[in-house]
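Below is the file upload-v4.cif, which contains mmCIF, C-alpha atoms and all ligand atoms.
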data_coords
#
loop_
_atom_site.label_atom_id
_atom_site.label_comp_id
_atom_site.auth_asym_id
_atom_site.auth_seq_id
_atom_site.Cartn_x
_atom_site.Cartn_y
_atom_site.Cartn_z
CA MET A 1 0.00 0.00 0.00
CA ARG A 2 1.28 3.50 -0.85
CA ARG A 3 2.67 5.23 2.21
CA ILE A 4 1.83 8.90 2.81
CA LYS A 5 4.46 10.85 4.76
CA ILE A 6 3.14 13.04 7.52
CA PHE A 7 5.01 16.34 7.83
CA ASP A 8 4.02 18.01 11.08
CA THR A 9 4.38 21.77 11.30
CA THR A 10 2.72 22.37 14.68
CA LEU A 11 5.94 23.94 15.95
CA ARG A 12 6.33 26.29 12.97
CA ASP A 13 2.99 27.09 11.27
CA GLY A 14 1.03 26.12 14.40
CA GLU A 15 3.21 28.32 16.55
CA GLN A 16 2.37 31.19 14.15
CA SER A 17 -1.29 30.96 15.27
CA PRO A 18 -2.37 34.35 16.56
CA GLY A 19 -1.99 34.38 20.34
CA VAL A 20 0.30 31.33 20.53
CA SER A 21 3.81 31.52 21.87
CA LEU A 22 5.72 28.49 23.14
CA THR A 23 8.89 28.43 25.23
CA VAL A 24 11.89 26.35 24.20
CA ALA A 25 11.06 23.76 26.89
CA GLU A 26 7.43 23.53 25.71
CA LYS A 27 8.54 23.06 22.10
CA LEU A 28 10.85 20.24 23.16
CA GLN A 29 8.04 18.58 25.09
CA ILE A 30 5.76 18.72 22.02
CA ALA A 31 8.58 17.50 19.74
CA ARG A 32 9.09 14.42 21.94
CA GLN A 33 5.36 13.66 21.76
CA LEU A 34 5.30 14.17 17.96
CA SER A 35 8.10 11.63 17.75
CA GLU A 36 6.02 9.16 19.80
CA LEU A 37 3.13 9.87 17.44
CA GLY A 38 5.36 8.74 14.57
CA VAL A 39 5.44 11.78 12.29
CA ASP A 40 7.80 11.33 9.34
CA VAL A 41 8.99 14.92 9.27
CA LEU A 42 8.99 17.38 12.13
CA GLU A 43 9.24 21.07 11.24
CA ALA A 44 10.88 22.48 14.33
CA GLY A 45 10.75 26.18 13.49
CA PHE A 46 12.19 29.11 11.58
CA PRO A 47 15.64 29.67 13.15
CA LEU A 48 16.32 33.11 11.70
CA VAL A 49 13.25 34.64 13.37
CA SER A 50 14.68 34.86 16.90
CA ALA A 51 17.31 33.47 19.25
CA ASP A 52 14.60 31.44 20.99
CA ASP A 53 13.43 29.92 17.70
CA PHE A 54 17.02 29.02 16.87
CA GLU A 55 17.59 27.42 20.27
CA ALA A 56 14.39 25.37 20.07
CA VAL A 57 15.25 24.04 16.61
CA TYR A 58 18.82 23.31 17.67
CA LYS A 59 17.76 21.35 20.76
CA ILE A 60 15.07 19.40 18.90
CA ALA A 61 17.57 18.47 16.17
CA GLN A 62 20.06 17.26 18.78
CA GLU A 63 17.56 15.15 20.68
CA ILE A 64 14.88 13.76 18.37
CA ARG A 65 15.80 10.57 16.53
CA ASN A 66 13.95 8.39 13.98
CA THR A 67 12.25 11.46 12.47
CA THR A 68 13.45 13.90 9.85
CA VAL A 69 13.88 17.31 11.47
CA THR A 70 13.47 20.33 9.24
CA ALA A 71 13.83 24.09 9.62
CA MET A 72 12.37 26.80 7.48
CA ALA A 73 14.37 29.35 5.50
CA ARG A 74 13.58 32.07 2.99
CA ALA A 75 15.53 31.81 -0.27
CA LYS A 76 18.31 33.87 1.30
CA LYS A 77 21.87 32.94 2.21
CA LYS A 78 21.63 34.04 5.86
CA ASP A 79 18.36 32.11 6.37
CA ILE A 80 19.76 28.93 4.85
CA GLU A 81 22.96 29.17 6.85
CA SER A 82 21.11 29.74 10.10
CA ALA A 83 18.70 26.87 9.35
CA TRP A 84 21.63 24.55 8.66
CA GLU A 85 23.48 25.63 11.78
CA ALA A 86 20.37 24.80 13.82
CA ILE A 87 19.61 21.38 12.32
CA SER A 88 23.01 20.01 11.34
CA GLY A 89 23.07 17.80 14.47
CA ALA A 90 19.89 15.97 13.43
CA GLU A 91 19.99 12.31 12.46
CA SER A 92 18.11 13.18 9.29
CA PRO A 93 18.24 16.96 8.65
CA ARG A 94 16.22 18.74 5.96
CA ILE A 95 16.38 22.38 4.89
CA HIS A 96 12.97 23.75 3.87
CA ILE A 97 13.15 26.76 1.55
CA PHE A 98 10.13 28.82 0.62
CA LEU A 99 9.71 31.45 -2.08
CA ALA A 100 6.49 32.84 -3.53
CA THR A 101 5.67 32.15 -7.17
CA SER A 102 2.26 33.82 -7.64
CA PRO A 103 1.99 37.07 -9.63
CA ILE A 104 0.42 38.84 -6.61
CA HIS A 105 3.28 37.94 -4.25
CA MET A 106 6.09 38.40 -6.78
CA GLN A 107 4.84 41.81 -7.87
CA TYR A 108 3.54 43.40 -4.66
CA ARG A 109 5.36 41.77 -1.80
CA LEU A 110 8.72 40.66 -3.20
CA ARG A 111 8.89 43.19 -6.07
CA LYS A 112 10.77 40.75 -8.27
CA SER A 113 10.29 39.57 -11.84
CA PRO A 114 9.50 35.90 -12.53
CA GLN A 115 13.00 35.53 -14.00
CA GLU A 116 14.57 36.86 -10.79
CA ILE A 117 12.42 34.52 -8.66
CA LEU A 118 13.56 31.58 -10.78
CA GLU A 119 17.20 32.51 -10.23
CA TYR A 120 16.76 33.02 -6.47
CA ALA A 121 15.05 29.64 -6.17
CA VAL A 122 17.81 27.77 -8.00
CA GLU A 123 20.59 29.55 -6.12
CA ALA A 124 18.94 28.88 -2.75
CA VAL A 125 18.41 25.18 -3.46
CA ARG A 126 22.01 24.84 -4.65
CA LEU A 127 23.31 26.41 -1.45
CA ALA A 128 21.08 24.22 0.74
CA LYS A 129 22.11 21.13 -1.23
CA SER A 130 25.77 21.90 -0.57
CA LYS A 131 24.96 21.44 3.13
CA THR A 132 22.54 18.49 3.20
CA GLY A 133 21.14 15.90 0.82
CA ASP A 134 17.53 16.55 1.80
CA VAL A 135 16.12 19.85 0.52
CA GLU A 136 12.46 20.80 0.30
CA PHE A 137 11.36 23.67 -1.91
CA SER A 138 7.98 25.32 -1.27
CA ALA A 139 6.43 27.57 -3.88
CA GLU A 140 4.50 29.91 -1.60
CA ASP A 141 1.00 30.70 -2.93
CA ALA A 142 1.45 27.92 -5.51
CA SER A 143 -2.29 27.48 -6.00
CA ARG A 144 -2.58 31.05 -7.32
CA SER A 145 0.53 30.78 -9.50
CA ASP A 146 0.69 30.36 -13.25
CA VAL A 147 0.95 26.62 -13.78
CA ASP A 148 3.57 26.86 -16.54
CA PHE A 149 5.77 29.14 -14.47
CA LEU A 150 5.37 26.91 -11.42
CA ALA A 151 6.37 23.82 -13.42
CA GLN A 152 9.38 25.73 -14.74
CA VAL A 153 10.45 26.65 -11.18
CA PHE A 154 10.02 23.06 -10.00
CA THR A 155 11.92 21.67 -13.00
CA ARG A 156 14.84 23.96 -12.23
CA VAL A 157 14.92 23.36 -8.46
CA ILE A 158 14.74 19.59 -8.97
CA ALA A 159 17.72 19.86 -11.35
CA ALA A 160 19.48 21.92 -8.63
CA GLY A 161 18.96 19.12 -6.10
CA ALA A 162 15.57 19.56 -4.39
CA THR A 163 14.25 16.26 -3.06
CA VAL A 164 10.76 17.42 -2.10
CA ILE A 165 8.60 19.96 -3.89
CA ASN A 166 5.76 21.48 -1.93
CA ILE A 167 2.60 22.91 -3.49
CA PRO A 168 0.96 25.07 -0.81
CA ASP A 169 -2.52 26.50 -0.91
CA THR A 170 -1.17 29.33 1.22
CA VAL A 171 -4.36 31.36 1.42
CA GLY A 172 -6.85 28.49 1.57
CA TYR A 173 -8.45 29.47 -1.75
CA ALA A 174 -8.43 26.15 -3.62
CA THR A 175 -11.28 23.66 -3.93
CA PRO A 176 -10.62 19.89 -3.97
CA GLU A 177 -11.44 19.24 -7.65
CA GLU A 178 -9.54 22.29 -8.83
CA PHE A 179 -6.53 21.60 -6.59
CA SER A 180 -6.14 17.99 -7.70
CA ALA A 181 -6.43 18.98 -11.37
CA PHE A 182 -3.82 21.70 -10.77
CA ILE A 183 -1.41 19.21 -9.17
CA ARG A 184 -1.92 16.77 -12.01
CA THR A 185 -0.98 19.48 -14.51
CA VAL A 186 2.07 20.51 -12.47
CA MET A 187 3.16 16.87 -12.44
CA GLN A 188 2.74 16.53 -16.20
CA LYS A 189 4.73 19.68 -16.92
CA THR A 190 7.57 19.28 -14.40
CA VAL A 191 10.68 17.50 -15.66
CA GLY A 192 12.13 15.11 -13.08
CA ILE A 193 9.01 15.04 -10.90
CA GLU A 194 9.28 11.24 -10.58
CA LYS A 195 12.54 11.68 -8.64
CA VAL A 196 11.06 13.75 -5.79
CA ASP A 197 8.37 13.65 -3.14
CA ILE A 198 5.30 15.74 -3.90
CA SER A 199 3.98 17.60 -0.90
CA VAL A 200 0.99 19.85 -0.20
CA HIS A 201 0.34 22.39 2.53
CA CYS A 202 -3.28 23.48 2.71
CA HIS A 203 -4.79 26.29 4.76
CA ASN A 204 -8.27 26.17 6.14
CA ASP A 205 -9.75 29.59 5.31
CA LEU A 206 -12.75 27.95 3.61
CA GLY A 207 -12.72 24.86 5.82
CA LEU A 208 -11.29 22.80 2.94
CA ALA A 209 -7.74 22.09 4.13
CA VAL A 210 -8.28 18.40 4.85
CA ALA A 211 -10.44 17.86 1.75
CA ASN A 212 -7.84 19.56 -0.45
CA SER A 213 -5.03 17.46 1.07
CA LEU A 214 -6.97 14.23 0.47
CA ALA A 215 -7.70 15.28 -3.11
CA ALA A 216 -3.96 15.84 -3.61
CA ILE A 217 -3.19 12.35 -2.27
CA GLN A 218 -5.53 10.86 -4.84
CA VAL A 219 -3.52 12.30 -7.73
CA GLY A 220 -0.12 11.32 -6.35
CA ALA A 221 0.97 13.64 -3.53
CA ASN A 222 2.88 11.58 -0.99
CA GLN A 223 3.66 14.10 1.74
CA ILE A 224 1.06 16.12 3.62
CA GLU A 225 1.91 19.09 5.80
CA CYS A 226 -0.41 19.46 8.75
CA THR A 227 -0.67 20.43 12.41
CA ILE A 228 -2.15 19.01 15.59
CA ASN A 229 -5.65 20.41 16.19
CA GLY A 230 -5.38 22.23 12.83
CA LEU A 231 -3.39 25.11 14.33
CA GLY A 232 -1.71 27.63 12.06
CA GLU A 233 -1.88 31.10 10.57
CA ARG A 234 -5.44 32.55 10.48
CA ALA A 235 -7.96 29.65 10.30
CA GLY A 236 -5.10 27.16 10.52
CA THR A 237 -3.92 24.30 8.33
CA ALA A 238 -5.04 20.73 7.71
CA ALA A 239 -5.57 18.93 11.03
CA LEU A 240 -3.21 15.95 11.32
CA GLU A 241 -5.73 13.91 13.31
CA GLU A 242 -8.50 14.38 10.73
CA LEU A 243 -6.28 13.49 7.79
CA VAL A 244 -4.80 10.43 9.44
CA MET A 245 -8.13 9.08 10.67
CA ALA A 246 -9.81 9.74 7.30
CA ILE A 247 -7.04 7.75 5.61
CA ARG A 248 -7.30 4.97 8.20
CA THR A 249 -11.08 4.75 8.46
CA ARG A 250 -11.58 4.99 4.68
CA LYS A 251 -8.64 2.83 3.62
CA ASP A 252 -11.12 1.13 1.27
CA HIS A 253 -11.54 4.42 -0.57
CA TYR A 254 -8.10 6.07 -0.43
CA GLY A 255 -5.97 2.93 -0.59
CA VAL A 256 -3.04 4.54 1.24
CA GLU A 257 -1.59 4.40 4.73
CA THR A 258 0.45 6.51 7.17
CA GLY A 259 2.96 5.57 9.84
CA ILE A 260 1.11 7.45 12.58
CA VAL A 261 0.55 5.66 15.89
CA THR A 262 -3.10 6.68 16.09
CA THR A 263 -3.43 5.70 19.76
CA GLU A 264 -1.16 8.68 20.56
CA ILE A 265 -3.51 11.17 18.86
CA ALA A 266 -5.65 12.14 21.87
CA ARG A 267 -2.62 12.57 24.14
CA THR A 268 -0.85 14.75 21.56
CA SER A 269 -3.93 16.88 20.96
CA GLN A 270 -4.43 17.48 24.67
CA MET A 271 -0.80 18.40 25.22
CA VAL A 272 -0.76 20.87 22.32
CA SER A 273 -4.04 22.41 23.45
CA GLN A 274 -2.80 22.83 26.99
CA LEU A 275 0.62 24.27 26.09
CA THR A 276 -0.64 26.61 23.37
CA GLY A 277 -3.75 27.69 25.28
CA MET A 278 -5.76 27.03 22.10
CA MET A 279 -8.88 25.23 23.26
CA VAL A 280 -10.26 22.51 20.99
CA GLN A 281 -13.90 23.15 20.08
CA HIS A 282 -16.18 20.49 21.58
CA ASN A 283 -17.59 19.33 18.26
CA LYS A 284 -14.17 19.18 16.52
CA ALA A 285 -13.74 15.98 14.49
CA ILE A 286 -11.60 13.24 16.13
CA VAL A 287 -10.28 15.20 19.12
CA GLY A 288 -13.23 17.33 20.28
CA LYS A 289 -14.75 16.54 23.65
CA ASN A 290 -17.98 15.44 21.93
CA ALA A 291 -16.44 13.53 19.03
CA PHE A 292 -17.31 10.15 20.55
CA THR A 293 -20.19 11.21 22.80
CA HIS A 294 -23.78 10.26 22.06
CA ASP A 295 -26.62 12.26 23.53
CA SER A 296 -29.98 11.33 22.09
CA GLY A 297 -31.80 8.31 23.54
CA LEU A 298 -32.27 6.89 20.08
CA HIS A 299 -28.52 6.95 19.36
CA LEU A 300 -27.64 5.55 22.79
CA ASP A 301 -30.07 2.71 22.25
CA GLY A 302 -28.41 1.95 18.93
CA ILE A 303 -24.90 2.10 20.40
CA ASN A 304 -25.88 -0.21 23.24
CA LYS A 305 -27.25 -2.76 20.79
CA GLU A 306 -24.39 -2.48 18.25
CA ARG A 307 -21.65 0.18 18.33
CA THR A 308 -21.30 0.45 14.57
CA THR A 309 -24.87 1.77 14.27
CA TYR A 310 -23.56 5.25 15.10
CA GLU A 311 -19.77 4.89 15.39
CA ILE A 312 -17.33 4.66 12.49
CA MET A 313 -14.22 4.64 14.70
CA LEU A 314 -13.51 3.27 18.14
CA PRO A 315 -12.48 5.88 20.73
CA SER A 316 -9.62 3.55 21.67
CA SER A 317 -8.21 3.88 18.14
CA VAL A 318 -7.19 7.48 18.95
CA GLY A 319 -6.12 6.60 22.46
CA LEU A 320 -9.28 7.52 24.36
CA ALA A 321 -10.53 5.23 27.06
CA LEU A 322 -14.27 5.92 27.27
ZN ZN B 1 1.14 27.65 6.28
#
Rendering of file as structure tokens:
Amino acid sequence: MRRIKIFDTTLRDGEQSPGVSLTVAEKLQIARQLSELGVDVLEAGFPLVSADDFEAVYKIAQEIRNTTVTAMARAKKKDIESAWEAISGAESPRIHIFLATSPIHMQYRLRKSPQEILEYAVEAVRLAKSKTGDVEFSAEDASRSDVDFLAQVFTRVIAAGATVINIPDTVGYATPEEFSAFIRTVMQKTVGIEKVDISVHCHNDLGLAVANSLAAIQVGANQIECTINGLGERAGTAALEELVMAIRTRKDHYGVETGIVTTEIARTSQMVSQLTGMMVQHNKAIVGKNAFTHDSGLHLDGINKERTTYEIMLPSSVGLAL
């Protein structure tokens, strides 16, 4: 069965949630739990942002084993060098470079021409590759980029040594059908795509982050970026627990699997909620207080006679003892 890699960014994108700020010790505690949960890639932070961010990434890279540890960097020399300095002690270090490729971001925010962006991307990946074999390149705002330009950027960064290309729906604007068709086109037009992992990073502004991620899996994406409890900028990103349990519960439909130890899900969710101060809504799928609670007499009667009448997953499968 095809294995989907789970890239957890609770400590980077999740930590960027408005109102959330974690200490170095708290980040380490979450990183240890994410390792127990069995994430394939752990994004520990953005080292250039502050001394605390650097320290947290450094300590996580030193301690966490059996998981790829990655740090974020803009396509700039000082970012890449600081990211590498922070993660070089990891068992399996990855540098994660991001650079926007949409007309809106290139023109208004970065004030660069597409040709300049292409050159920056290639140069950044080359520099990162000189430090480590594992380099991820994210085309920020990919879903609003010109597909031919995006494929050209990916073709060039793959030739420069990128091992993972990430297609983010940065602003949560995509719809599942459109996003999967877009990814299919990118795959057809990118030279060397078969040599790399294809990743997506979906935001939840329209409540479609998980649906968009699942749609991407169906056309060949094999790495999903997500966070515990769906934390992240604005409305957050795809919730790890929802993605993983959708894949597990509907294995018949998706035909893929993850390496997540699902019985650690509830514990991880509770820890992240407690340390970030971000309460989980009661009716939240998988990890909400009510997710496995039945209230109406009719439903209780059904459950008492046969659990599967109203339950598609056992609470114990996510580590809850009810
Ligand atoms: Zn994000």
Report as an mmCIF file with C-alpha atoms, keeping the file's coordinate frame all protein, DNA and RNA residues lying within 8 Å of range 212-216 of chain A, evaluated on only C-alpha atoms, omitting residues in the same chain fewer than 6 positions from it.
data_model
loop_
_atom_site.group_PDB
_atom_site.id
_atom_site.type_symbol
_atom_site.label_atom_id
_atom_site.label_comp_id
_atom_site.auth_asym_id
_atom_site.auth_seq_id
_atom_site.Cartn_x
_atom_site.Cartn_y
_atom_site.Cartn_z
ATOM 1 C CA ALA A 174 -8.430 26.150 -3.620
ATOM 2 C CA THR A 175 -11.280 23.660 -3.930
ATOM 3 C CA PRO A 176 -10.620 19.890 -3.970
ATOM 4 C CA GLU A 177 -11.440 19.240 -7.650
ATOM 5 C CA PHE A 179 -6.530 21.600 -6.590
ATOM 6 C CA SER A 180 -6.140 17.990 -7.700
ATOM 7 C CA ILE A 183 -1.410 19.210 -9.170
ATOM 8 C CA VAL A 200 0.990 19.850 -0.200
ATOM 9 C CA HIS A 201 0.340 22.390 2.530
ATOM 10 C CA CYS A 202 -3.280 23.480 2.710
ATOM 11 C CA ILE A 224 1.060 16.120 3.620
ATOM 12 C CA ALA A 238 -5.040 20.730 7.710
ATOM 13 C CA LEU A 243 -6.280 13.490 7.790
#
Within 10 Å of ligand ZN 1 (chain B), which residues show up when you count only C-alpha atoms and all ligand atoms? List them as a PyMOL selection string, please.
chain A and resi 9+12-14+16-17+140-141+168-172+201-204+225-227+231-234+236-238
Restricting the calculation to only C-alpha atoms: of A:Gln281, A:Thr276, A:Thr155, A:Thr190, which residue gets closest to Leu11 in chain A?
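Between A:Gln281, A:Thr276, A:Thr155, A:Thr190, the residue approaching Leu11 in chain A most closely is A:Thr276.
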Select, counting all atoms listed in the file, all protein, DNA and RNA residues no farther than 7 Å from (-1.2, 30.5, 22.7) in file coordinates, and express the selection as a PyMOL selection string.
chain A and resi 19-21+276-278
Top pick for closest residue to Met106 in chain A, considering A:Asp8, A:Glu194, A:Asp146, A:Glu55 and counting all atoms listed in the file:
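Nearest to Met106 in chain A: A:Asp146.
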